[in-house]
Amino acid sequence: MPDQVLLEMRGISKRFPGVKALDNVSLKIGGGEVVALCGENGAGKSTLMKIVGGVYQPDAGEILWDGRPVKIHGVADSMKLGIAFIHQELNVLDNLDVAANVFLGREPKNALGLIDEKKMRADTEPYLKRLGLQISARTRLDRLSIAHQQMVEIAKALSLNARLIIMDEPTSSLTLSETKRLLELVRELSGQGVSIIYISHRLGEIDECANRIVVLRDGKNAGEASHEEATHDKLVNLMVGREITNFYVKSDAPQTPGFFKVRNAVSPLYPKKSVSFDAARGEILGFAGLVGAGRSEMAKTIAGLDACRTKEIFLDGKLIPINTPRNAIDQGIYLIPENRRTEGLVIEMSVRENVSLPSLLSFSRLGLIQRRQEEQAARQQVDSLRIKTPDVETRVLNLSGGTQQKVVLGKWLAMKPRVMIFDEPTRGIDVGAKAEIYRIMRELAQNGAVILMISSDMEEVLNVSDRIAVMHEGEIAGILGRDDCNEQNVMQLAVGKRIAVAKPAFE
Amino acid sequence: MKKELGILILLVVLCAVTGFENPRFFSHPNLINMANVIGLFGIFSLGSGLVIITAGIDLSVGSMIALTGMLLVMALTQWHWPWPLAVLFVAVVSMALGWAHGALITRFKMQPFIVTLCGLLLYRGIARFIAQDTTLGFGDAAGFKTLQNLANGELFGLPMPFVILIVISIIMWIVLHRSIYGRYLYAAGRNEEAARFSGINTRMVIAGSYIVAALLTGISGVLFAFYTNSVSPSTHGNFYELYGIAAAVLGGCSLRGGEGSVIGILIGTALLQVLQNLVNLLGIPSSLNFAVMGAVVLIGVLADQLFKNRAKKKNARAAE
């Protein structure tokens with residue numbers, strides 16, 4: 001660690017009614033250091049960061065900034081010290097331009113008291129340059145990609161003279177190459193003396209950017225590791241407090257190639273291109289690619305959520321027409337959508353109501369719901385998936401991300417899936433729950449389902465998939481067999497290069 | 001259930017206070033009269049609530065009551081149709097209008113507010129035009145007596161509109177709270193995307209709510225025509241959509257959709273009618289009628305929101 005300690009938190013405790021969120025937690029970060037903060041959901045990461053941000057006051061412990069004890073009473077205090085946050089959900093106004101976003105609330109004024117647009121833009125440029133951004137300060141935010149919008153937030157942080165930037169799952173909506181760029185940027189900023197606390201569930205990214213990894217578990221320091229000492233297994237064990245064996249399970253189960261065939265699926269995003277591929281019964285076919293490559297759109301087209309007249313879908317040799325989501329569901333083709341809170345679940349409804357939503361007809365007589373049967377079915381899913389909920393009547397919004405994802409799974413597993421499409425199945429989910437979801441996917445495949453898994457998490461897509469289809473601008477650029485699955489190959493195909501080992505999408 | 005309880009208490013307190021100040025409130029004729037108007041207003045309010053549960057709104061209610069009333073009078077007195085045919089005609093016309101609302105909203109993705117606002121203007125205009133802007137009464141139309149008895153008579157000592165409201169409420173309660181359609185309606189109202197991803201034909205579900213709402217409005221239209229005994233096209237049913245929306249919102253429906261119950265809407269309707277009655281009986285200037293209603297709806301919804309905010313804070317703290 002560099003000798004200049006920027007922020008030191010000593011013995012921080014915080015209690016909420018009924019729970020001890022933080023118990024004697026310490027954290028130290030030096031100038032220009034990148035510290036990854038890891039832990040499962042509920043481990044206390046966000047509480048700790050909210051204390052740094054002045055949202056909460058600690059019950060005990062002290063905070064030292066530049067070696068001097070400080071009290072952070074609110075967001076204004078933390079901003080004044082030079083602490084900035086980049087949240088998972090972006091805080092930008094996409095109807096305004098870059099300069100207006102960077103200087104929001106601090107707009108330079110001219111003699112008339114109006115906004116001095118010229119100065120504001122001129123003042124913005126250096127920060128954009130420092131971040132290596134090739135965009136104009138006059139670009140409206142809604143014309144920028146998510147990654148660039150996030151860069152604008154970082155520019156704003158720099159313009160506030162931030163010395164510590166806290167990034168909370170910053171890559172969850174970024175593409176592989178954008179993620180790469182962000183990680184580079186983290187290193188560049190660190191070289192310029194900015195300290196960064198990097199919160200992520202993605203161990204691959206942590207390995208790439210962090211000097212040191214601090215792990216929290218159940219509100220306590222579980223341990224820490226330097227970049228050199230940190231191995232995947234060590235971190236996972238620190239986080240969950242027990243050994244997880246077989247985090248990724250590969251299978252050698254017999255597969256039936258060509259069980260599921262998709263031909264000419266056209267999505268509204270790329271109306272002039274089409275996707276065709278074959279998937280085997282019993283395999284997990286990963287879909288890698290940049291965000292915007294059309295993977296989710298392809299999934300929606302297959303699941304009947306987007307109309308597409310040209311597509312032909314064969315299941316077990318039979319051509320099946322899919323024009324509505326119901327058609328797909330009736331054939332056992334289910335989609336676990338990317339966005340569980342807006343597409344996967346009606347979060348204000350109970351676990352029972354969510355689980356039964358797609359299969360309600362089978363719990364009904366004369367159009368009326370048979371409540372007992374419905375409840376039983378929901379209980380069954382809660383038990384078999386080990387969904388951590390106090391009760392089937394609990395509203396889904398009160399559950400953690402991983403548990404919510406299991407509720408989404410519960411909706412479909414009771415209905416004998418034949419093809420299951422997972423779109424970013426573990427986004428924002430902690431390590432323990434991740435392992436369980438991988439296990440469920442593998443079990444489904446072994447029981448004879450076709451699993452398609454769209455994932456932007458490189459580590460996940462490489463380790464979970466049996467084969468990987470890489471998409472580029474609305475088409476499958478190539479398929480990698482198990483032996484050719486590596487980051488290099490995936491990236492090459494994802495950016496549209498041809499490589500020799502890639503196989504065509506279908507025979 | 002908590003929500004309905006709060007408003008029920010408010011209703012009981014208001015009744016008690018009014019009855020205490022003016023014992024005529026509990027007199028038989030006053031109660032009968034109140035049951036009558038609660039019936040009349042409750043039927044279409046259930047429809048308004050149904051639409052609000054889908055996160056929509058129906059502003060065309062008042063105009064539709066004028067138009068359907070006008071069509072009924074004309075069918076009976078000018079075209080000399082038998083009354084069952086006239087009533088069926090009104091039902092079909094209102095369902096067709098509801099279907100048009102639903103189609104515009106779900107197929108063409110127009111906003112419910114705008115579609116039904118245009119309905120409000122359009123139907124009022126048509127009603128006035130076909131009647132040449134004159135008030136039409138029933139006179140001595142054929143079969144008029146039978147229909148009048150059905151619409152305006154009594155059953156077991158209860159006014160007919162109230163009886164009809166009870167029957168419709170029971171059906172609506174089963175549909176909303178026990179049937180698949182009801183579950184789909186709440187799901188689509190809360191989160192249409194998630195409902196669609198679950199294989200629900202959300203367009204049909206939502207369009208269906210507009211058809212049912214329009215049908216209930218048509219039934220109200222028939223009953224109101226007999227209640228006033230004549231239809232003056234420029235004023236008949238004015239502002240009734242606002243009674244429906246107010247009743248639904250007071251009764252716990254959220255304009256964001258996915259929330260609300262039949263019981264709540266009924267209590268909301270009753271509350272609004274008690275307020276009107278209270279204005280009369282307590283000698284409050286009747287010009288303040290709307291002001292009183294507005295104030296009570298505002299306070300009711302504000303109280304509910306404050307209560308919710310507090311519960312939320314408590315939850316958030318517990319979740320940390």
# chains A, B, ... in the order shown; residues from 1 in each chain; ligands from 1
$ interface_residues --of "chain B" --to "chain A" --cutoff "12 Å" --atoms "only C-alpha atoms" --output "MDAnalysis selection string"
chainID B and resid 173:203 257:259 312:320
$ select_by_dssp --residues "segment 5-190 of chain A" --states "alpha helix (DSSP H)" --output "ChimeraX atom specification"
/A:45-52,75-81,98-102,117-130,146-159,176-190
$ select_by_dssp --residues "segment 146-273 of chain B" --states "strand (DSSP E)" --output "list in words"
Glu154, Leu155, Leu158, Pro159, Ser230 and Val231 of chain B
$ write_last_selection --atoms "C-alpha atoms" --output "mmCIF file, in the first residue's frame"
data_model
loop_
_atom_site.group_PDB
_atom_site.id
_atom_site.type_symbol
_atom_site.label_atom_id
_atom_site.label_comp_id
_atom_site.auth_asym_id
_atom_site.auth_seq_id
_atom_site.Cartn_x
_atom_site.Cartn_y
_atom_site.Cartn_z
ATOM 1 C CA GLU B 154 -88.154 -1.280 -5.798
ATOM 2 C CA LEU B 155 -87.305 -4.806 -4.839
ATOM 3 C CA LEU B 158 -84.736 -1.406 -1.879
ATOM 4 C CA PRO B 159 -84.469 0.920 -4.864
ATOM 5 C CA SER B 230 -85.845 13.167 -19.434
ATOM 6 C CA VAL B 231 -82.493 13.776 -21.016
#
$ residues_around --residues "Ile65 of chain B" --least-positions-apart "2" --cutoff "8 Å" --atoms "only C-alpha atoms" --output "ChimeraX atom specification"
/B:61-63,67-69,217-218,220-222,224,236-237
$ write_last_selection --atoms "N, CA and C atoms" --output "PDB file, in the first residue's frame"
ATOM      1  N   VAL B  61     -67.099   8.978 -19.369  1.00  0.00           N
ATOM      2  CA  VAL B  61     -68.285   8.439 -18.701  1.00  0.00           C
ATOM      3  C   VAL B  61     -69.502   9.365 -18.800  1.00  0.00           C
ATOM      4  N   GLY B  62     -69.336  10.623 -18.407  1.00  0.00           N
ATOM      5  CA  GLY B  62     -70.483  11.531 -18.378  1.00  0.00           C
ATOM      6  C   GLY B  62     -71.119  11.692 -19.742  1.00  0.00           C
ATOM      7  N   SER B  63     -70.310  11.899 -20.748  1.00  0.00           N
ATOM      8  CA  SER B  63     -70.833  12.073 -22.097  1.00  0.00           C
ATOM      9  C   SER B  63     -71.498  10.803 -22.587  1.00  0.00           C
ATOM     10  N   LEU B  67     -75.174  10.270 -24.020  1.00  0.00           N
ATOM     11  CA  LEU B  67     -75.432   9.678 -25.345  1.00  0.00           C
ATOM     12  C   LEU B  67     -76.313   8.440 -25.231  1.00  0.00           C
ATOM     13  N   THR B  68     -75.989   7.558 -24.290  1.00  0.00           N
ATOM     14  CA  THR B  68     -76.791   6.333 -24.171  1.00  0.00           C
ATOM     15  C   THR B  68     -78.205   6.676 -23.707  1.00  0.00           C
ATOM     16  N   GLY B  69     -78.314   7.648 -22.798  1.00  0.00           N
ATOM     17  CA  GLY B  69     -79.648   8.074 -22.352  1.00  0.00           C
ATOM     18  C   GLY B  69     -80.449   8.598 -23.530  1.00  0.00           C
ATOM     19  N   THR B 217     -71.185   1.739 -17.814  1.00  0.00           N
ATOM     20  CA  THR B 217     -71.631   3.116 -18.023  1.00  0.00           C
ATOM     21  C   THR B 217     -72.958   3.126 -18.787  1.00  0.00           C
ATOM     22  N   GLY B 218     -73.076   2.252 -19.778  1.00  0.00           N
ATOM     23  CA  GLY B 218     -74.325   2.160 -20.533  1.00  0.00           C
ATOM     24  C   GLY B 218     -75.492   1.784 -19.623  1.00  0.00           C
ATOM     25  N   SER B 220     -75.665   2.295 -16.430  1.00  0.00           N
ATOM     26  CA  SER B 220     -75.933   3.508 -15.642  1.00  0.00           C
ATOM     27  C   SER B 220     -76.728   4.492 -16.480  1.00  0.00           C
ATOM     28  N   GLY B 221     -76.366   4.617 -17.756  1.00  0.00           N
ATOM     29  CA  GLY B 221     -77.044   5.563 -18.648  1.00  0.00           C
ATOM     30  C   GLY B 221     -78.538   5.299 -18.700  1.00  0.00           C
ATOM     31  N   VAL B 222     -78.903   4.024 -18.808  1.00  0.00           N
ATOM     32  CA  VAL B 222     -80.327   3.666 -18.838  1.00  0.00           C
ATOM     33  C   VAL B 222     -80.997   4.073 -17.528  1.00  0.00           C
ATOM     34  N   PHE B 224     -80.019   6.274 -15.259  1.00  0.00           N
ATOM     35  CA  PHE B 224     -80.054   7.730 -15.065  1.00  0.00           C
ATOM     36  C   PHE B 224     -81.167   8.358 -15.894  1.00  0.00           C
ATOM     37  N   HIS B 236     -76.861  16.523 -19.093  1.00  0.00           N
ATOM     38  CA  HIS B 236     -77.074  15.192 -18.517  1.00  0.00           C
ATOM     39  C   HIS B 236     -75.738  14.479 -18.310  1.00  0.00           C
ATOM     40  N   GLY B 237     -75.470  14.118 -17.085  1.00  0.00           N
ATOM     41  CA  GLY B 237     -74.246  13.347 -16.816  1.00  0.00           C
ATOM     42  C   GLY B 237     -72.972  14.166 -16.754  1.00  0.00           C
TER      43      GLY B 237
END
$ residues_around --residues "segment 158-167 of chain A" --least-positions-apart "5" --cutoff "9 Å" --atoms "only C-alpha atoms" --output "list in words"
Leu6, Leu7, Gly31, Gly32, Met49, Met79, Lys80, Leu81, Gly82, Ile83, Ala84, Phe85, Ile86, His87, Gln88, Val102, Phe103, Asp123, Thr124, Tyr127, Glu153, Gly193, Val194, Ser195, Ile196, Ile197, Tyr198, Ile199 and Ser200 of chain A
$ write_last_selection --atoms "C-alpha atoms" --output "CSV table (one decimal), in the first residue's frame"
chain,number,residue,atom,x,y,z
A,6,LEU,CA,-6.3,8.9,2.1
A,7,LEU,CA,-9.3,7.4,3.9
A,31,GLY,CA,-3.8,7.7,-2.5
A,32,GLY,CA,-4.1,6.3,-6.0
A,49,MET,CA,-20.4,3.2,1.5
A,79,MET,CA,-18.5,16.0,-1.8
A,80,LYS,CA,-16.5,18.7,-0.2
A,81,LEU,CA,-13.9,16.2,1.0
A,82,GLY,CA,-13.6,15.0,-2.6
A,83,ILE,CA,-15.6,11.8,-2.6
A,84,ALA,CA,-17.7,11.0,-5.6
A,85,PHE,CA,-20.1,8.1,-6.4
A,86,ILE,CA,-20.7,6.3,-9.6
A,87,HIS,CA,-23.8,4.2,-9.1
A,88,GLN,CA,-25.1,1.2,-10.9
A,102,VAL,CA,-21.0,17.9,-15.8
A,103,PHE,CA,-21.8,21.4,-14.4
A,123,ASP,CA,-14.4,24.0,-19.1
A,124,THR,CA,-15.8,20.6,-19.8
A,127,TYR,CA,-12.1,16.5,-18.4
A,153,GLU,CA,-20.4,10.9,-14.7
A,193,GLY,CA,-3.5,9.7,-8.0
A,194,VAL,CA,-7.3,9.2,-7.7
A,195,SER,CA,-8.2,6.5,-5.3
A,196,ILE,CA,-11.0,4.1,-6.3
A,197,ILE,CA,-13.3,1.8,-4.3
A,198,TYR,CA,-14.6,-0.7,-6.8
A,199,ILE,CA,-17.6,-2.7,-5.8
A,200,SER,CA,-18.4,-5.7,-8.0
$ closest_residue --among "A:Thr426, A:Thr179, A:Asn110, A:Gln57" --to "Ser455 of chain A" --atoms "only C-alpha atoms"
A:Thr426
$ residues_around --residues "Glu224 of chain A" --least-positions-apart "6" --cutoff "6 Å" --atoms "only C-alpha atoms" --output "list of chain:residue names"
A:Ile213, A:Val214, A:Val215
$ residues_around --residues "segment 248-252 of chain B" --least-positions-apart "3" --cutoff "10 Å" --atoms "only C-alpha atoms" --output "MDAnalysis selection string"
chainID B and resid 1:8 42 45:53 242:245 255 259:272 296:301 304
$ closest_residue --among "A:Leu290, A:Leu27, A:Ile302, A:Ala377" --to "Ala414 of chain A" --atoms "only C-alpha atoms"
A:Ala377
$ residues_around --residues "Tyr56 of chain A" --least-positions-apart "4" --cutoff "10 Å" --atoms "only C-alpha atoms" --output "ChimeraX atom specification"
/A:14,47-52,72-75
$ atom_distance --atom1 "atom CA of Val34 of chain A" --atom2 "atom CA of Val55 of chain A"
22.7 Å
$ atom_distance --atom1 "atom CA of Ser287 of chain B" --atom2 "atom CA of Thr18 of chain B"
18.6 Å
$ closest_residue --among "A:Leu64, A:Cys209, A:Ala435, A:Val351" --to "Thr394 of chain A" --atoms "only C-alpha atoms"
A:Val351
